[in-house]
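First comes the structure, then the notes that go with it.
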Amino acid sequence: MSGIHDMGGNLGLGAVDVRDDGVGFHHEWEARVFAINRLLLERGLYTLDEFRYAIERMEPERYLAASYYERWLHAIEVLLAEKGILS
Amino acid sequence: MTARRFHIGDTVRTRAHGNGGHTRIPRYLRGRRGRIVALAGSFPLADDRARGVRDAQCTAVYSVRFDAVEVWGPECDANVTIAADLWESYLEPEHA
Amino acid sequence: MSDHDHDHESSAALSNRVKTLVAQLEQRDLLTEAKLDATVETFLLKATPANGGRVVARAWVDAAFKQRLLDDASAAVAEIGIDMSHWAPVKLRAVENTDREHNVIVCTLCSCYPIALLGPSPAWYKSAEYRSRTVREPRAVLAEFGVALPPDVRINVWDSTSELRYIVVPRRPQASEGLSEAELAALVTRDGLVGTALL
């Protein structure tokens, strides 16, 4: 595992972009990914920790390039495939 | 769950290494000395659940506060503390 | 890294991936469109920073409530009708700002956030810059938010690494004496509840 997610104290980063449009989800698919994850967690298909670990196992370049909910989508797809639920 | 090993006010030292997989102790807090400032519940160890262990036993979690100087060294802003919620197995006793 | 607007995969492509996923899950009877909609409703429509505002305003006007909030925030917010049960096993903790100490919340490993009380998190909270720098140089990060704290005010950073989620109880604004609880709640901002703004 790369540990790319483990960001505390990393050096070389610039200022925080504090701009904020106040919108929680910028696309409808983002809210749907959020909801899919909740439902699959409730059904016990995987745990929140397995979900987080699936995000942490992303290739570092891909992790950094992906938006927040894109990482979530990736993790859901990976877990469902690994568990043989979806091909 | 079993009895808590630590209590509020205890000085502890965090484990120096991760486990190679999912864990909830960030790298920047490993091998550091801190003080337990609050109890943070009792939960199955995330490291186990991430490996697919379904019946992981609940174990104690503690809020551990670190002085910034302990974490970042003498050059940092000394009037800063950092706290994290850490499972008991991440911690070892340390003399104050 | 920005949270949106320069996705390496286009939003249309991602939307199609989600459609495919939903169709496959429906085929296997793992969810329905109706359940998805209901889930969005249950979790998100009720999750707004107005909840956090109500909690803080009550704490400002009711010292006994404030003590219960600081002792057991999950139980205290239930008293005023905020239901955290959908978010189990996550528990809530409130930390109070004073004239000597300022608190700020971060999640360096992920982007854990008290969504029930604050709504979905802003892009900056999930950014590499915020997650990396807040634990190392919080005074500089806060300055970027326009929060200038004198060096003698101690900053306590809370890294949400386990199952607790944090809210900050900001200091009550000066000259807010005559205001009603509802008016006080309206003064509380989301950033105030994260610790990246003063009120």
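In the structure tokens, the first chain shown is A, the next is B, and so on; residue numbers restart at 1 for each chain, and ligands run from 1 in the order shown.
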Give me, as a tab-separated table, the closest atom pair and its distance (Å, one decimal) for every residue of chain A within a cut-off of 9 Å of chain B, counting only C-alpha atoms, rows sorted by chain and rising number.
```
residue	atom	partner	partner_atom	distance
A:Met1	CA	B:Gly21	CA	6.7
A:Gly3	CA	B:Arg27	CA	8.9
A:Asp6	CA	B:Pro26	CA	6.1
A:Met7	CA	B:Pro26	CA	8.1
A:Gly8	CA	B:Tyr28	CA	6.3
A:Gly9	CA	B:Tyr28	CA	6.6
A:Asn10	CA	B:Tyr28	CA	8.9
A:Tyr46	CA	B:Gly52	CA	7.8
A:Thr47	CA	B:Arg49	CA	6.9
A:Leu48	CA	B:Ala50	CA	7.7
A:Asp49	CA	B:Ala50	CA	4.4
A:Glu50	CA	B:Ala50	CA	4.1
A:Phe51	CA	B:Ala50	CA	7.6
A:Arg52	CA	B:Ala50	CA	7.7
A:Tyr53	CA	B:His22	CA	5.6
A:Ala54	CA	B:Ala50	CA	8.7
A:Glu56	CA	B:His22	CA	7.7
A:Arg57	CA	B:Gly21	CA	8.9
```
Picked from segment 15-93 of chain B by DSSP as strand (DSSP E or B), as a PyMOL selection string: chain B and resi 33-44+58-67+80-87+91-93
Within 12 Å of chain C: residues of chain B, using only C-alpha atoms, as a PyMOL selection string: chain B and resi 22-29+37-47+58-73+75-88
Would you export the selected residues with N, CA and C atoms as a compact mmCIF listing (two decimals), in the first residue's frame, please?
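Result went into result.txt, see below:
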```
# COMPACT_ATOMS: atom_id res chain seq x y z
N HIS B 22 -4.63 -1.49 6.27
CA HIS B 22 -5.40 -0.36 6.79
C HIS B 22 -5.14 -0.21 8.28
N THR B 23 -4.89 1.00 8.71
CA THR B 23 -4.78 1.28 10.14
C THR B 23 -5.20 2.72 10.37
N ARG B 24 -5.52 3.03 11.61
CA ARG B 24 -6.00 4.38 11.91
C ARG B 24 -5.00 5.19 12.73
N ILE B 25 -3.78 4.74 12.77
CA ILE B 25 -2.78 5.61 13.39
C ILE B 25 -1.95 6.23 12.28
N PRO B 26 -2.09 7.54 12.09
CA PRO B 26 -1.37 8.21 11.01
C PRO B 26 0.14 8.10 11.22
N ARG B 27 0.87 8.12 10.13
CA ARG B 27 2.33 8.00 10.22
C ARG B 27 2.94 9.08 11.11
N TYR B 28 2.40 10.30 11.01
CA TYR B 28 3.04 11.41 11.72
C TYR B 28 2.93 11.27 13.23
N LEU B 29 2.05 10.37 13.70
CA LEU B 29 1.89 10.19 15.15
C LEU B 29 2.52 8.90 15.65
N VAL B 37 -6.46 12.10 27.06
CA VAL B 37 -7.27 13.21 27.55
C VAL B 37 -8.75 12.87 27.62
N ALA B 38 -9.16 11.78 26.98
CA ALA B 38 -10.58 11.39 27.05
C ALA B 38 -10.70 9.96 26.56
N LEU B 39 -11.80 9.33 26.95
CA LEU B 39 -12.13 8.02 26.40
C LEU B 39 -12.91 8.26 25.12
N ALA B 40 -12.67 7.43 24.14
CA ALA B 40 -13.28 7.65 22.82
C ALA B 40 -14.10 6.45 22.37
N GLY B 41 -14.66 5.72 23.37
CA GLY B 41 -15.55 4.62 23.06
C GLY B 41 -14.82 3.31 22.94
N SER B 42 -15.54 2.34 22.42
CA SER B 42 -15.03 0.98 22.28
C SER B 42 -15.58 0.44 20.96
N PHE B 43 -14.68 0.11 20.06
CA PHE B 43 -15.09 -0.26 18.71
C PHE B 43 -14.23 -1.41 18.21
N PRO B 44 -14.77 -2.21 17.27
CA PRO B 44 -13.92 -3.23 16.66
C PRO B 44 -12.72 -2.56 15.99
N LEU B 45 -11.57 -3.20 16.11
CA LEU B 45 -10.35 -2.63 15.55
C LEU B 45 -10.49 -2.49 14.02
N ALA B 46 -10.34 -1.27 13.55
CA ALA B 46 -10.52 -0.99 12.12
C ALA B 46 -9.57 -1.82 11.26
N ASP B 47 -8.35 -2.05 11.78
CA ASP B 47 -7.34 -2.81 11.03
C ASP B 47 -7.89 -4.21 10.70
N CYS B 58 -14.75 -5.66 20.16
CA CYS B 58 -14.65 -4.24 20.50
C CYS B 58 -13.49 -4.04 21.46
N THR B 59 -12.66 -3.06 21.17
CA THR B 59 -11.61 -2.71 22.12
C THR B 59 -11.61 -1.21 22.34
N ALA B 60 -10.98 -0.82 23.44
CA ALA B 60 -11.04 0.57 23.88
C ALA B 60 -10.31 1.50 22.91
N VAL B 61 -10.89 2.68 22.72
CA VAL B 61 -10.26 3.75 21.94
C VAL B 61 -10.09 4.96 22.87
N TYR B 62 -8.96 5.62 22.72
CA TYR B 62 -8.64 6.76 23.59
C TYR B 62 -8.32 8.00 22.76
N SER B 63 -8.73 9.16 23.26
CA SER B 63 -8.26 10.41 22.66
C SER B 63 -6.91 10.74 23.28
N VAL B 64 -5.90 10.77 22.44
CA VAL B 64 -4.53 10.99 22.91
C VAL B 64 -4.05 12.32 22.36
N ARG B 65 -3.57 13.15 23.28
CA ARG B 65 -3.10 14.49 22.88
C ARG B 65 -1.58 14.53 22.87
N PHE B 66 -1.05 15.13 21.81
CA PHE B 66 0.40 15.25 21.62
C PHE B 66 0.75 16.72 21.54
N ASP B 67 1.87 17.08 22.17
CA ASP B 67 2.39 18.44 21.96
C ASP B 67 2.99 18.51 20.57
N ALA B 68 2.78 19.63 19.90
CA ALA B 68 3.31 19.76 18.54
C ALA B 68 4.82 19.55 18.51
N VAL B 69 5.52 20.00 19.54
CA VAL B 69 6.99 19.87 19.56
C VAL B 69 7.39 18.39 19.58
N GLU B 70 6.60 17.56 20.28
CA GLU B 70 6.88 16.12 20.31
C GLU B 70 6.72 15.51 18.91
N VAL B 71 5.79 16.06 18.15
CA VAL B 71 5.50 15.50 16.83
C VAL B 71 6.42 16.08 15.75
N TRP B 72 6.64 17.38 15.79
CA TRP B 72 7.33 18.07 14.68
C TRP B 72 8.71 18.58 15.03
N GLY B 73 9.06 18.53 16.31
CA GLY B 73 10.37 19.01 16.69
C GLY B 73 10.35 20.46 17.15
N GLU B 75 11.35 23.28 16.10
CA GLU B 75 11.17 24.46 15.23
C GLU B 75 9.70 24.86 15.06
N CYS B 76 8.80 23.99 15.48
CA CYS B 76 7.39 24.26 15.17
C CYS B 76 6.77 25.21 16.18
N ASP B 77 5.55 25.62 15.92
CA ASP B 77 4.74 26.44 16.82
C ASP B 77 4.43 25.60 18.06
N ALA B 78 5.04 25.97 19.20
CA ALA B 78 4.93 25.14 20.40
C ALA B 78 3.56 25.26 21.06
N ASN B 79 2.81 26.26 20.70
CA ASN B 79 1.51 26.47 21.36
C ASN B 79 0.39 25.78 20.58
N VAL B 80 0.67 24.56 20.19
CA VAL B 80 -0.27 23.75 19.40
C VAL B 80 -0.28 22.35 20.00
N THR B 81 -1.45 21.76 20.08
CA THR B 81 -1.54 20.33 20.39
C THR B 81 -2.30 19.64 19.27
N ILE B 82 -2.06 18.36 19.13
CA ILE B 82 -2.77 17.54 18.16
C ILE B 82 -3.32 16.34 18.91
N ALA B 83 -4.60 16.07 18.72
CA ALA B 83 -5.20 14.89 19.35
C ALA B 83 -5.71 13.96 18.28
N ALA B 84 -5.63 12.66 18.56
CA ALA B 84 -6.18 11.66 17.67
C ALA B 84 -6.82 10.58 18.52
N ASP B 85 -7.77 9.86 17.93
CA ASP B 85 -8.47 8.79 18.64
C ASP B 85 -7.83 7.47 18.24
N LEU B 86 -7.22 6.81 19.21
CA LEU B 86 -6.35 5.66 18.92
C LEU B 86 -6.79 4.42 19.71
N TRP B 87 -6.80 3.31 18.99
CA TRP B 87 -7.14 2.04 19.64
C TRP B 87 -6.05 1.65 20.63
N GLU B 88 -6.49 0.91 21.68
CA GLU B 88 -5.58 0.52 22.75
C GLU B 88 -4.33 -0.19 22.23
```
Sort by chain and increasing residue number a table of all residues of chain A within 7 Å of chain C, each with its closest pair of atoms and their distance in Å to one decimal, counting only C-alpha atoms, and write it as a Markdown table.
```
| residue | atom | partner | partner_atom | distance |
| --- | --- | --- | --- | --- |
| A:His5 | CA | C:Leu109 | CA | 5.6 |
| A:Asp6 | CA | C:Leu109 | CA | 4.8 |
| A:Met7 | CA | C:Ser132 | CA | 4.8 |
| A:Gly8 | CA | C:Ser132 | CA | 4.3 |
| A:Gly9 | CA | C:Ser132 | CA | 4.8 |
| A:Asn10 | CA | C:Ser132 | CA | 5.1 |
| A:Leu13 | CA | C:Glu129 | CA | 5.7 |
| A:Gly14 | CA | C:Glu129 | CA | 6.4 |
| A:Ala15 | CA | C:Glu129 | CA | 6.6 |
| A:Val16 | CA | C:Glu129 | CA | 5.4 |
| A:Asp17 | CA | C:Trp124 | CA | 6.1 |
| A:Val18 | CA | C:Trp124 | CA | 5.8 |
| A:Asp20 | CA | C:Pro122 | CA | 6.5 |
| A:Gly22 | CA | C:Pro122 | CA | 6.9 |
| A:Gly24 | CA | C:Pro120 | CA | 4.8 |
| A:Trp29 | CA | C:Ser15 | CA | 5.3 |
| A:Ala31 | CA | C:Val40 | CA | 6.8 |
| A:Arg32 | CA | C:Leu36 | CA | 6.9 |
| A:Ala35 | CA | C:Val40 | CA | 5.6 |
| A:Ile36 | CA | C:Leu36 | CA | 6.6 |
| A:Leu64 | CA | C:Met1 | CA | 6.9 |
| A:Ala65 | CA | C:His8 | CA | 6.1 |
| A:Ala66 | CA | C:Asp7 | CA | 6.1 |
| A:Ser67 | CA | C:Asp3 | CA | 5.0 |
| A:Tyr68 | CA | C:Asp3 | CA | 6.0 |
```
Atom-to-atom span, atom CA of Gln27 of chain C and atom CA of Glu28 of chain A, Å: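 The value is 21.4 Å.
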Who sits within 8 Å of Glu30 of chain A, only C-alpha atoms, same chain under 5 positions skipped, as a PyMOL selection string: chain A and resi 25+69-70
Alpha helix (DSSP H) per DSSP on the backbone: members of segment 71-128 of chain C, as a list in words: Asp71, Ala73, Ser74, Ala75, Ala76, Val77, Ala78, Glu79, Ile115, Ala116, Leu117, Leu118 and Ala128 of chain C
Within 7 Å of segment 55-67 of chain C using only C-alpha atoms, minus same-chain residues under 3 positions, as number ranges by chain: C: 51-52, 70-71, 77, 169, 172, 181, 184-185
